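> Dumping the structure here so I can ask a few things about it.
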Amino acid sequence: MSRERAHTVKLERASQTAPRTLTVFYLVTFLFAASLFAPALTRRFKRNALLILALPLLVTFIWTATQYKQAFSETPLQQSYIWVNNLDLSLTFQLDGLSWLMSLIVTGVGALVMIYASRYFPENAAGLPLFTAVFSAFAAAMYGLVTANHLMMVYLFWELTTILSFLLIGHHYDRRAARAAARQAIHVTSLGSLAMFAGFVMIALPHSTTKNYFIISNLLQAMARGDYPVDSLQTIIASLLIFAGAASKSALVPNHFWLPGAMAAPTPVSSFLHSAAMVKAGVYLLARLVPGLSLIPGWSATVVGFGLATMLVGGYRALRQTDLKLVLAYGTVSQLGLIAAAVGFGSQTLLATGVVMLVAHSLFKSTLFMTVGLIEKLTGTRDLRKISGLLFRQPLLAALALVTSASMAGFPPFLGYLGKESAVSAGLFGTDATWISDSMQSVFLLILVAGSVMTAAYSLRFWWGAFGVKPGVAWCECKPLPGLAAFPLAVLAALSFYLPVVSLADAILHQGTFQTLPGHAHVAYWSGWAPALVTLAIFVGGGLLFLFRGRVEQLQAKLEVPGLKATSLYRWTLVLLEQGSAKVTAAVQRGSLPLDVMTIMLVLISMLGFSLVSVFSRFSAEGVFKYSVPLADSGLQVGAAIVAVLAAIITVRSRKRLKAVLALGVVGLSVAIIFVDYGAPDLALTQLVVEVVSLLVFVLVLRKLPKYFSDRPLVSSRWVRLAVAVSLGLVVSVGSLVIAQVRTAVPNSVLIPAEAYVFGAGKNIVNVILVDVRAWDTVGELSVLLVTATGVASLIYLTRRSQQIRVRPMLKRGKWLPGVQFLNLQQRSLMLEVSARLLFPTLVVASIWLLLTGHNAPGGGFVGGMVAGIALILRYLAGGRHELKLALPLNPGRLLGLGLFLATLSGILPLLFGGSVLQTAEFDWDLAALTGWQAFGHLHFTSALLLDVGVYILVVALVLDIVMALGAHLDEVKQEG
């Protein structure tokens, strides 16, 4: 196939999957990119960098707000880009009414909290660069989460928020409470997210043969039409697992304890994560999926039950807290329970309540958390028993807090009242949910009233505790209120008066599958005398609880059962887990490497042997098994195999370690010869350079080991090892032959030569496979390689892994290996010095040549990097650690990171040219026309070259790291010792 024809075919196929404009994807990328620049901005502008970092969120907020008509239309904004077609993976976003509303909350509140944080933190706050980066990345992850229309994308962003919230909660890592709270939060939410992931797979994968049910809109439409088996056992289990994930995120019972513990985080974190963002992810997911999941038997009853229990537990606990932040934290738990219960009913009547409460709670709770932060800054405490007279010291702050506290209590005319009134009306006049009976509806109303009474009581407790005058407590002497810090509070408090939430909730419920829910939305200031009287009773009950708060606290103390706490259960579970894992580890891992290896081999022999017996039995009975694989194609292969067998025998029989290593190297060289004879120069070259480096590394290690292997006193153990080794060799060999015989389909390798040239633009099939066909695997292996190098080096270095080799000032600086002047005469070798002088530049040039020609000829980044590594090892062997430092005076850790960064960049680069991630993009430069010099000619290269460069740098860094750890560092330690 000609290059012109190949290029035409490539363009035709690419045009079939050309993506539409992915505005939401670009905005998510834009927000993540802002987090990358956050540390540099913070170091330059200090805390004012938070004002700059608020701009991307404001831009996203404004763009989202302008999409109102499209989001609430009959065809809401949907953007999708196929990522891996065969796996049904796609970048799918949807901006309908619900996601539009949540996007405004995430970006709007996030921007205001950033403005607040710019005056909350001191000018030179410790750890501020990391905080700004993580906070910005969290906002980006939340925006991606609420706009994702693919279950796997939801899980991806969900886990990102888990990890980033762990870092934010543990921001003050020097405090034990912060570290414990961060661990507690990630334990609970990660366990829930794993359950949720299993639920996603169970609910979508088995039924995706005809349509991709990982797309949320597809799944909900199928459930609404009755095309999906909602009453199957697997679907029921999957729905409960999804609820478990949402419950862990939104701190529903029994996961409620992690949220109050997370108050160890800085106040901006609580104002965003624990009021408007992270904890809302769970109830948002429930609301997103409720049109389908509410059809599953038992699901709604489960959600409502846990939600109402959480409402009572959170409200009850909030009544006795003396830390203002904990009052709000337990109040958050209580109101999240109410929102989850309202959403879980599966009716439009209460889903409207949930939507209104979701908005109202985000506004008043973020404001109140920021208020607590300012109170702590002004007075130095959050203990409500020590704060008095702040109403007269800070009347503006008290007024803003009064507005939002009233909204939290459900007092008219604020948004909190609208949500509570809607719920009370549903309890009185009917929830319209088909699964609930009249008696259960009465129970719901009673629990709702009881929870609302406690909400009113702890709202009064909060405002009185923060601003009231306490008898016998001196009035607070506080600092002036920062004007810029009060601005976000004023904006959010103003929004708590009225928003067109009623019309928004109604529009959401008349869109998509929400229309299939029973009932109708009813959110109004006046719903009749009966709801008004119930509301009045709630306020009276809340006022009485507040007035008799001392007696209430005493009664709660008497009723408390020691040890019966969720936190105690959590700690007990961790102890049992640690003890159990220790016992299992002690039983299966005795610290004997031969025993561990033998166990692995025996398992492999058993499993593969059983499969072989089954295959032989089946094919023998059918009479179709015929052996047709030749054992050898040439005498050279037979000779190489015989040499390999003899070398293997010498390896296991040798008592000298060096002899065993050399014999093992002969085995590898024999395999390389077989590769050459089969016409696989790439594999042979890779095998050869790996054997050389492995041999040199073995030699470095052997310097610190005894000359001889230890004796084995038990002769019987040798026979056991021999039997296991022979059995494994036979099973693997026979298995390989059988696998080659039972193929029934045409192998993909038949298509690879043409496809590699069309899509990878390269003639070297091996290299194209590595950098294009299975480029994801390559990047993943590079990550594993980096982690392995870090782990190995960390086991060797006595101090920091990043330490540099200390070298002496050069007495003689010449062209002839100046580092050898520090070696003893016994350590020097004239042959090595001459070889290094001649071969080092040659090997370096050869490595670069192999890198650049690897796409069309034998070579590539890995082989080139290994050759460059051999050059470095040769330089070290000739001149010691000083010469190694001169050869490449760079930190290997940073080189490892640079290599992985370039490999990742090569994956992102094709997106700029309309391709897929890691898809090869071609570039043609006519240098003769550009420069006017005909000698330059035409230059053709691909984006895969960048991946090869990343591999090259990472492999060189790996070899340098190993040589520095096993060679130079140990030499330095020995010399100092």
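Scheme for the structure tokens: letters A, B, ... for chains in order shown; per-chain residue numbers from 1; ligand numbers from 1 in order shown.
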Considering only C-alpha atoms, return as a list in words whatever protein or nucleic-acid residues lie within 6 Å of segment 238-244 of chain A, sequence-local ones (same chain, fewer than 2 positions apart) excluded.
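Listed by chain and then number, they are Gly192, Ala195, Met196, Gly199, Met202, Ile203, Thr235, Ile236, Ala246 and Ala247 of chain A.
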> Next, dump the selected residues to file, keeping only N, CA and C atoms, as a PDB file, in the first residue's frame.

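This is the output file result-v7.pdb:
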```pdb
ATOM      1  N   GLY A 192     -17.126   2.620  49.929  1.00  0.00           N
ATOM      2  CA  GLY A 192     -18.396   2.834  49.248  1.00  0.00           C
ATOM      3  C   GLY A 192     -18.245   2.953  47.747  1.00  0.00           C
ATOM      4  N   ALA A 195     -17.934  -0.440  46.149  1.00  0.00           N
ATOM      5  CA  ALA A 195     -19.254  -1.066  46.053  1.00  0.00           C
ATOM      6  C   ALA A 195     -20.043  -0.457  44.903  1.00  0.00           C
ATOM      7  N   MET A 196     -19.965   0.863  44.761  1.00  0.00           N
ATOM      8  CA  MET A 196     -20.663   1.540  43.674  1.00  0.00           C
ATOM      9  C   MET A 196     -20.143   1.099  42.313  1.00  0.00           C
ATOM     10  N   GLY A 199     -21.608  -2.097  41.491  1.00  0.00           N
ATOM     11  CA  GLY A 199     -23.000  -1.902  41.095  1.00  0.00           C
ATOM     12  C   GLY A 199     -23.129  -1.387  39.680  1.00  0.00           C
ATOM     13  N   MET A 202     -22.476  -4.328  37.341  1.00  0.00           N
ATOM     14  CA  MET A 202     -23.560  -5.308  37.393  1.00  0.00           C
ATOM     15  C   MET A 202     -24.829  -4.800  36.719  1.00  0.00           C
ATOM     16  N   ILE A 203     -25.075  -3.512  36.803  1.00  0.00           N
ATOM     17  CA  ILE A 203     -26.333  -3.000  36.267  1.00  0.00           C
ATOM     18  C   ILE A 203     -26.256  -2.678  34.779  1.00  0.00           C
ATOM     19  N   THR A 235     -30.079  -7.000  39.364  1.00  0.00           N
ATOM     20  CA  THR A 235     -30.386  -5.569  39.317  1.00  0.00           C
ATOM     21  C   THR A 235     -30.637  -5.020  40.714  1.00  0.00           C
ATOM     22  N   ILE A 236     -31.341  -5.791  41.550  1.00  0.00           N
ATOM     23  CA  ILE A 236     -31.617  -5.343  42.919  1.00  0.00           C
ATOM     24  C   ILE A 236     -30.319  -5.177  43.698  1.00  0.00           C
ATOM     25  N   ALA A 246     -23.293   5.978  47.214  1.00  0.00           N
ATOM     26  CA  ALA A 246     -23.840   7.321  47.440  1.00  0.00           C
ATOM     27  C   ALA A 246     -23.949   7.621  48.931  1.00  0.00           C
ATOM     28  N   ALA A 247     -24.338   6.614  49.734  1.00  0.00           N
ATOM     29  CA  ALA A 247     -24.475   6.813  51.176  1.00  0.00           C
ATOM     30  C   ALA A 247     -23.146   7.114  51.837  1.00  0.00           C
TER      31      ALA A 247
END
```
> Please provide the set of residues having any atom within 12 Å of Thr66 of chain A, restricted to only C-alpha atoms, with same-chain residues fewer than 5 positions apart removed, written as a VMD selection string.
chain A and resid 59 to 61 71 to 72 95 100 104
> Go ahead and save the picked residues with C-alpha atoms, as an mmCIF file, in the first residue's frame.

```
data_model
loop_
_atom_site.group_PDB
_atom_site.id
_atom_site.type_symbol
_atom_site.label_atom_id
_atom_site.label_comp_id
_atom_site.auth_asym_id
_atom_site.auth_seq_id
_atom_site.Cartn_x
_atom_site.Cartn_y
_atom_site.Cartn_z
ATOM 1 C CA VAL A 59 -15.691 31.578 33.408
ATOM 2 C CA THR A 60 -17.160 28.087 33.669
ATOM 3 C CA PHE A 61 -20.050 29.440 35.764
ATOM 4 C CA ALA A 71 -30.107 22.655 29.113
ATOM 5 C CA PHE A 72 -33.870 22.862 29.749
ATOM 6 C CA LEU A 95 -25.924 19.284 30.510
ATOM 7 C CA TRP A 100 -26.891 22.514 34.890
ATOM 8 C CA LEU A 104 -23.748 26.361 38.856
#
```
> Counting only C-alpha atoms, which residue out of A:Val615, A:Leu312, A:Ala903, A:Val643 sits closest to Gln741 of chain A?
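The answer is A:Val615, which sits nearest to Gln741 of chain A.
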> If you count only C-alpha atoms, which residues fall within 12 Å of Leu351 of chain A, apart from same-chain ones fewer than 3 positions away, as a count of residues only?
48
> Neighbours of Ala566 of chain A within 7 Å (only C-alpha atoms; same-chain residues fewer than 2 positions away dropped), as a list in words?
Pro254, Phe257, Leu564, Ser568, Leu569 and Tyr570 of chain A
> Take the residues from that selection and write them out as a compact mmCIF listing (two decimals), in the first residue's frame, keeping C-alpha atoms.

```txt
# COMPACT_ATOMS: atom_id res chain seq x y z
CA PRO A 254 -23.90 4.29 59.30
CA PHE A 257 -19.28 9.75 61.50
CA LEU A 564 -22.04 2.43 71.12
CA SER A 568 -15.97 3.03 67.89
CA LEU A 569 -17.31 0.50 65.39
CA TYR A 570 -14.98 1.95 62.75
```
> Give me the residues near Val109 of chain A as a list of chain:residue names, where near means some atom within 10 Å (using only C-alpha atoms) and where sequence neighbours in that chain fewer than 3 positions away do not count.
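Counting only the stated atoms, we get A:Leu57, A:Leu58, A:Phe61, A:Ser103, A:Leu104, A:Ile105, A:Val106, A:Leu112, A:Val113, A:Met114, A:Ile115, A:Ala139, A:Ser271, A:Phe272, A:Ser275, A:Ala276, A:Ala277, A:Ser362, A:Leu363, A:Ser366, A:Thr367, A:Pro488, A:Val491, A:Leu492.
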